[in-house]
Structures are given as C-alpha cells and as structure tokens.
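J.: Quick one, model.txt (compact mmCIF, C-alpha atoms):
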```txt
# COMPACT_ATOMS: atom_id res chain seq x y z
CA ILE A 1 -90.01 187.21 -109.82
CA ARG A 2 -91.08 187.76 -113.41
CA TYR A 3 -93.72 185.03 -113.10
CA PHE A 4 -95.11 186.61 -109.91
CA GLN A 5 -95.24 190.04 -111.53
CA GLU A 6 -96.94 188.81 -114.69
CA ASN A 7 -99.49 186.69 -112.82
CA GLU A 8 -100.20 188.83 -109.76
CA PRO A 9 -104.02 189.01 -110.18
CA SER A 10 -104.37 185.22 -110.33
CA LEU A 11 -101.81 184.22 -107.66
CA PRO A 12 -104.44 183.78 -104.91
CA LEU A 13 -106.05 181.07 -107.07
CA LYS A 14 -102.85 179.13 -107.77
CA THR A 15 -101.38 176.20 -105.85
CA ILE A 16 -97.67 175.76 -105.27
CA TYR A 17 -97.73 173.19 -108.08
CA ASP A 18 -99.35 175.68 -110.49
CA ILE A 19 -96.67 178.24 -109.69
CA SER A 20 -93.75 175.81 -109.96
CA LYS A 21 -95.03 174.56 -113.31
CA GLY A 22 -95.66 178.08 -114.64
CA ALA A 23 -92.28 179.41 -113.48
CA LYS A 24 -90.51 176.20 -114.60
CA VAL A 25 -88.92 175.60 -111.20
CA SER A 26 -89.37 173.01 -108.46
CA THR A 27 -91.88 173.39 -105.62
CA ALA A 28 -88.89 173.56 -103.25
CA THR A 29 -87.59 176.58 -105.18
CA VAL A 30 -90.99 178.30 -104.84
CA THR A 31 -90.90 177.69 -101.08
CA ARG A 32 -87.32 179.00 -100.78
CA PHE A 33 -88.30 182.06 -102.81
CA VAL A 34 -91.28 183.06 -100.63
CA VAL A 35 -89.19 182.49 -97.49
CA ARG A 36 -86.43 184.68 -98.96
CA ILE A 37 -88.88 187.56 -99.50
CA GLY A 38 -90.07 187.42 -95.90
CA TYR A 39 -92.80 184.81 -95.42
CA ALA A 40 -92.65 181.88 -92.99
CA ASP A 41 -93.59 179.38 -95.70
CA PHE A 42 -95.83 179.04 -98.76
CA THR A 43 -98.97 178.82 -96.60
CA ASP A 44 -98.06 182.13 -94.96
CA PHE A 45 -97.53 183.67 -98.41
CA LYS A 46 -100.92 182.42 -99.64
CA LYS A 47 -102.61 183.81 -96.53
CA PHE A 48 -101.10 187.23 -97.22
CA ILE A 49 -102.10 187.41 -100.89
CA ASN A 50 -105.60 186.11 -100.12
CA GLN A 51 -106.01 188.86 -97.51
CA ALA A 52 -104.70 191.41 -100.01
CA LEU A 53 -107.24 190.20 -102.56
CA MET A 54 -110.12 190.45 -100.09
CA SER A 55 -108.97 193.92 -99.01
CA SER A 56 -108.96 195.07 -102.63
CA LEU A 57 -112.58 193.89 -103.00
CA ASP A 58 -113.80 195.62 -99.86
CA SER A 59 -114.30 199.36 -99.69
CA SER A 60 -112.07 201.42 -97.40
CA PHE A 61 -115.11 202.25 -95.28
CA GLU A 62 -116.02 198.55 -94.83
CA ARG A 63 -112.45 197.71 -93.82
CA TYR A 64 -112.47 200.59 -91.33
CA GLN A 65 -115.76 199.45 -89.77
CA LEU A 66 -114.49 195.86 -89.44
CA SER A 67 -111.16 196.84 -87.88
CA LYS A 68 -112.90 199.33 -85.57
CA HIS A 69 -115.27 196.59 -84.37
CA GLN A 70 -112.40 194.14 -83.80
CA TRP A 71 -110.36 196.68 -81.88
CA LEU A 72 -113.18 197.82 -79.60
CA ASP A 73 -114.45 194.32 -78.83
CA GLY A 74 -111.09 192.63 -78.17
CA SER A 75 -110.06 191.23 -74.80
CA SER A 76 -107.03 193.53 -74.46
CA SER A 77 -107.01 197.32 -74.69
CA PRO A 78 -106.71 199.06 -78.09
CA TRP A 79 -103.42 200.60 -76.89
CA ASP A 80 -101.96 197.16 -76.10
CA ARG A 81 -103.05 195.80 -79.47
CA PHE A 82 -101.66 198.84 -81.28
CA CYS A 83 -98.26 198.39 -79.58
CA ASP A 84 -98.28 194.68 -80.45
CA LEU A 85 -99.06 195.54 -84.09
CA VAL A 86 -96.21 198.07 -84.29
CA ILE A 87 -93.74 195.60 -82.74
CA SER A 88 -94.92 192.89 -85.14
CA ASP A 89 -94.41 195.21 -88.12
CA ILE A 90 -90.90 196.13 -86.95
CA HIS A 91 -89.96 192.45 -86.61
CA ALA A 92 -91.41 191.72 -90.07
CA ALA A 93 -89.37 194.56 -91.58
CA ARG A 94 -86.24 193.30 -89.81
CA VAL A 95 -86.71 189.83 -91.28
CA SER A 96 -87.61 190.93 -94.81
CA ILE A 97 -84.92 193.62 -95.32
CA PRO A 98 -81.37 192.19 -95.39
CA ASN A 99 -78.65 194.28 -93.71
CA GLU A 100 -76.79 194.41 -97.04
CA ALA A 101 -79.77 196.00 -98.80
CA LEU A 102 -80.24 198.54 -96.00
CA MET A 103 -76.56 199.53 -96.06
CA GLN A 104 -76.58 199.72 -99.85
CA ALA A 105 -79.56 202.09 -99.73
CA ALA A 106 -77.87 204.25 -97.08
CA GLU A 107 -74.69 204.40 -99.17
CA LEU A 108 -76.64 205.42 -102.27
CA ILE A 109 -78.30 208.26 -100.36
CA ALA A 110 -75.02 209.45 -98.88
CA LYS A 111 -72.91 209.24 -102.05
CA THR A 112 -75.36 210.35 -104.75
CA ARG A 113 -73.73 213.31 -106.49
CA GLY A 114 -76.98 214.89 -107.65
CA ASN A 115 -80.33 215.35 -105.95
CA VAL A 116 -82.27 212.80 -103.94
CA TYR A 117 -85.92 212.97 -105.01
CA ILE A 118 -88.61 211.51 -102.76
CA ILE A 119 -92.13 210.52 -103.84
CA GLY A 120 -95.08 208.83 -102.13
CA GLN A 121 -98.81 209.26 -102.70
CA PHE A 122 -102.09 208.04 -101.22
CA ASN A 123 -101.23 205.74 -98.27
CA SER A 124 -97.52 206.22 -98.93
CA TYR A 125 -97.48 210.00 -98.56
CA VAL A 126 -96.89 210.11 -94.78
CA VAL A 127 -93.90 207.74 -94.90
CA ALA A 128 -92.39 209.60 -97.85
CA HIS A 129 -92.76 212.97 -96.12
CA LEU A 130 -91.25 211.60 -92.91
CA LEU A 131 -88.24 210.40 -94.92
CA TYR A 132 -87.96 213.85 -96.46
CA GLN A 133 -88.03 215.57 -93.05
CA HIS A 134 -85.15 213.39 -91.82
CA LEU A 135 -83.01 213.35 -94.96
CA VAL A 136 -83.18 217.11 -95.48
CA LEU A 137 -81.26 217.43 -92.19
CA LEU A 138 -78.55 215.00 -93.30
CA ARG A 139 -77.50 216.27 -96.71
CA PRO A 140 -78.25 218.95 -99.31
CA GLY A 141 -80.20 218.32 -102.50
CA ILE A 142 -83.26 216.60 -101.01
CA VAL A 143 -86.33 217.27 -103.18
CA PHE A 144 -89.84 216.24 -102.16
CA LEU A 145 -92.10 215.63 -105.17
CA ASN A 146 -95.52 216.93 -104.19
CA ASN A 147 -98.92 215.50 -105.05
CA GLN A 148 -99.90 218.03 -107.71
CA ALA A 149 -100.14 215.58 -110.60
CA GLY A 150 -100.21 218.25 -113.30
CA ASN A 151 -96.95 219.81 -112.07
CA LEU A 152 -95.18 216.55 -111.24
CA PRO A 153 -93.19 216.13 -114.49
CA TYR A 154 -91.83 219.69 -114.19
CA GLN A 155 -90.38 218.97 -110.75
CA PHE A 156 -87.72 216.60 -112.09
CA LEU A 157 -87.08 217.86 -115.63
CA ASP A 158 -83.34 218.07 -114.98
CA ALA A 159 -83.01 214.68 -113.28
CA GLY A 160 -80.39 212.33 -114.71
CA GLU A 161 -78.04 209.48 -113.94
CA ASP A 162 -76.33 211.44 -111.14
CA ASP A 163 -79.64 211.62 -109.24
CA LEU A 164 -81.55 209.20 -106.99
CA LEU A 165 -85.28 208.60 -106.64
CA PHE A 166 -86.59 207.27 -103.31
CA ALA A 167 -90.11 205.97 -103.97
CA VAL A 168 -92.60 204.75 -101.35
CA SER A 169 -95.41 202.70 -102.88
CA TYR A 170 -98.03 200.79 -100.90
CA GLN A 171 -101.49 199.64 -101.99
CA ARG A 172 -103.43 201.45 -103.30
CA TYR A 173 -100.61 201.97 -105.81
CA ALA A 174 -100.55 205.47 -107.29
CA LEU A 175 -100.23 205.73 -111.06
CA GLN A 176 -98.19 208.95 -110.68
CA THR A 177 -95.62 207.15 -108.52
CA THR A 178 -95.30 204.26 -110.98
CA THR A 179 -94.97 206.66 -113.91
CA THR A 180 -92.35 208.72 -112.08
CA VAL A 181 -90.30 205.61 -111.23
CA LYS A 182 -90.35 204.58 -114.89
CA GLU A 183 -89.29 208.09 -115.95
CA PHE A 184 -86.31 208.01 -113.58
CA SER A 185 -85.41 204.54 -114.85
CA ASP A 186 -85.42 205.87 -118.42
CA LYS A 187 -83.14 208.70 -117.27
CA LYS A 188 -80.68 206.07 -115.89
CA ALA A 189 -81.10 207.47 -112.38
CA LYS A 190 -80.64 205.26 -109.31
CA ILE A 191 -83.86 204.11 -107.62
CA ILE A 192 -84.66 202.93 -104.08
CA VAL A 193 -88.14 201.56 -103.39
CA ILE A 194 -90.07 200.83 -100.21
CA ASP A 195 -93.11 198.76 -101.18
CA ASP A 196 -95.40 196.13 -99.72
CA ALA A 197 -95.05 193.23 -102.19
CA VAL A 198 -92.45 191.77 -104.52
CA SER A 199 -95.06 192.06 -107.28
CA SER A 200 -95.74 195.78 -106.77
CA PRO A 201 -95.60 197.80 -110.02
CA VAL A 202 -92.37 199.59 -109.02
CA SER A 203 -90.28 196.80 -107.48
CA GLU A 204 -88.65 195.73 -110.75
CA PHE A 205 -87.09 199.19 -111.20
CA ALA A 206 -85.33 199.33 -107.83
```
Give the structure from the file, written as structure tokens.

T.:
Amino acid sequence: IRYFQENEPSLPLKTIYDISKGAKVSTATVTRFVVRIGYADFTDFKKFINQALMSSLDSSFERYQLSKHQWLDGSSSPWDRFCDLVISDIHAARVSIPNEALMQAAELIAKTRGNVYIIGQFNSYVVAHLLYQHLVLLRPGIVFLNNQAGNLPYQFLDAGEDDLLFAVSYQRYALQTTTTVKEFSDKKAKIIVIDDAVSSPVSEFA
C-alpha cells in the first residue's frame, strides 16, 4: 500500500515486475493485492489506472462530449445503458467492500459518543450530502461540513477523539477534504472514508 501511495503518478508506466521489485514482494503477491482491493486481476488494475491517467489529462468538457457521443450513438437506449452502469457499479461496490468493513463502519457511526462530521467536495459533495440527509434521521450529533473553505476550520474546532469524521473523496480530490482528514487524524478522532482508489490522498487515514 505504501509503495502504491508513494508511486501513484508513475503506476500506469510500471509492469507487474517493476512493482514487485519496488515493493520487495513477489509478482504473485502483487496480483493477490490488486484482487483483494477489487480488481479481477493485474490487467484489470492496469486498465483502470490507465483510464484514470487519461481522464486526468482530458478536460471535463472533452470527457463530457465523448461520453455524450457514445451514449447517443449506442445500439441500446441511453436509459438501458444507464441502468446497466448503475447495476455494474453496485456489483463492483459489493465485491470491493467486505461485509466486515461495512459493519465496522456502521458500528462506529452508531456508537460514536461525540459528533459525526461529514465532508465531501467537488464530485463528492452529492454523496456526502445524501449521507448527511439519511444519518441525521438516525442519530443526533450529525454535522455537515459545508464548502465555505474559509470557514471550514471553525466548523470543527471542538472535535476530538470522541468524534468521527465521514469523508467522501473522489477524483478530483479536494485539498480541503484532505486537509480536514489530516486535522481529524491529528485530533485522534475516528475516520471513515469512501474513496475511489487505494492510493487516494485520504485512504491511509481511515
């Protein structure tokens, strides 16, 4: 995990042999690792990180135009393809999130003695706010950290080890989210993270 985090920008250029040598493990261990974090095999993992790299090089507008063209020109209807995409994402989440981790997160939320803070910005905002809307009905002490960067530090001044931060962080990763996660880590608070890659800047704090 440490090797992946430290070498994230260059991972698309590395072979399985480069990674095994750099991480000082066998190629079989690399394969088991990528399968454990949700990929079918190393080839599937490489395909994902190569796509992520290409997406980071394209502008949002270019990606939108490409996806729009693909959706409108496909053989099936956009509604059918949207439903297939949602079902595929649900299956991927089911495979990549162990039941034990899900139950541990639920237990943390239920048993945290202090507040449960929720943060998500950019692409992550909608998911974070949806979590807030549901959790505020289940228990007291749910605090949504809004997107006003200048006021953000003042919203959790009193946070401590009795509190929990629930952070949602997808690409493009927000600096405010990463900074907030680090602040909560320094305060010895508990942290739950929903992210899109094992090498995301907040995963090591969860």

J.: Distance CA of Thr15 (chain A)-CA of Asp195 (chain A), one decimal place?

T.: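 Result for CA of Thr15 (chain A) versus CA of Asp195 (chain A): 24.5 Å, one decimal.
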
J.: Counting only C-alpha atoms, which residue out of A:Val34, A:Ala23, A:Ile191, A:Leu145 sits closest to Gln121 (chain A)?

T.: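 Among the listed residues, A:Leu145 lies closest to Gln121 (chain A).
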
J.: Just checking: using only C-alpha atoms, which residue out of A:Ala105, A:Ala206, A:Ala167, A:Leu135 ends up closest to Thr180 (chain A)?

T.: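 Between A:Ala105, A:Ala206, A:Ala167, A:Leu135, the residue approaching Thr180 (chain A) most closely is A:Ala167.
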
J.: Would you please work out which residue, of A:Val35, A:Ile119, A:Val86, A:Val127, is nearest to Gln148 (chain A) when using all atoms listed in the file?

T.: A:Ile119

J.: Every residue with an atom at most 12 Å from (-92.0, 208.4, -111.2) (file coordinates; only C-alpha atoms) is what I'm after, so could you write them as a ChimeraX atom specification?

T.: /A:117-121,145-147,149,152-157,159,164-169,174-187,189-193,201-202,205-206

J.: Can you tell me how far CA of His134 (chain A) sits from CA of Gly114 (chain A), in Å to one decimal?

T.: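 Rounded to one decimal, the two atoms are 17.9 Å apart.
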
J.: Nearest to Arg113 (chain A) among A:Ile142, A:Ala128, A:Ile49, A:Ile87, with distances taken over only C-alpha atoms: which residue is it?

T.: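 Closest to Arg113 (chain A), using only C-alpha atoms: A:Ile142.
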
J.: Would you kindly return, as a ChimeraX atom specification, each protein, DNA or RNA residue with an atom no farther than 8 Å from any atom of region 110-112 of chain A, considering only C-alpha atoms and excluding same-chain residues fewer than 4 positions away?

T.: /A:106,116,139,162-164

J.: In Å to one decimal, how far is CA of Glu161 (chain A) from CA of Tyr3 (chain A)?

T.: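 Atom-to-atom, CA of Tyr3 (chain A) to CA of Glu161 (chain A), that is 29.1 Å.
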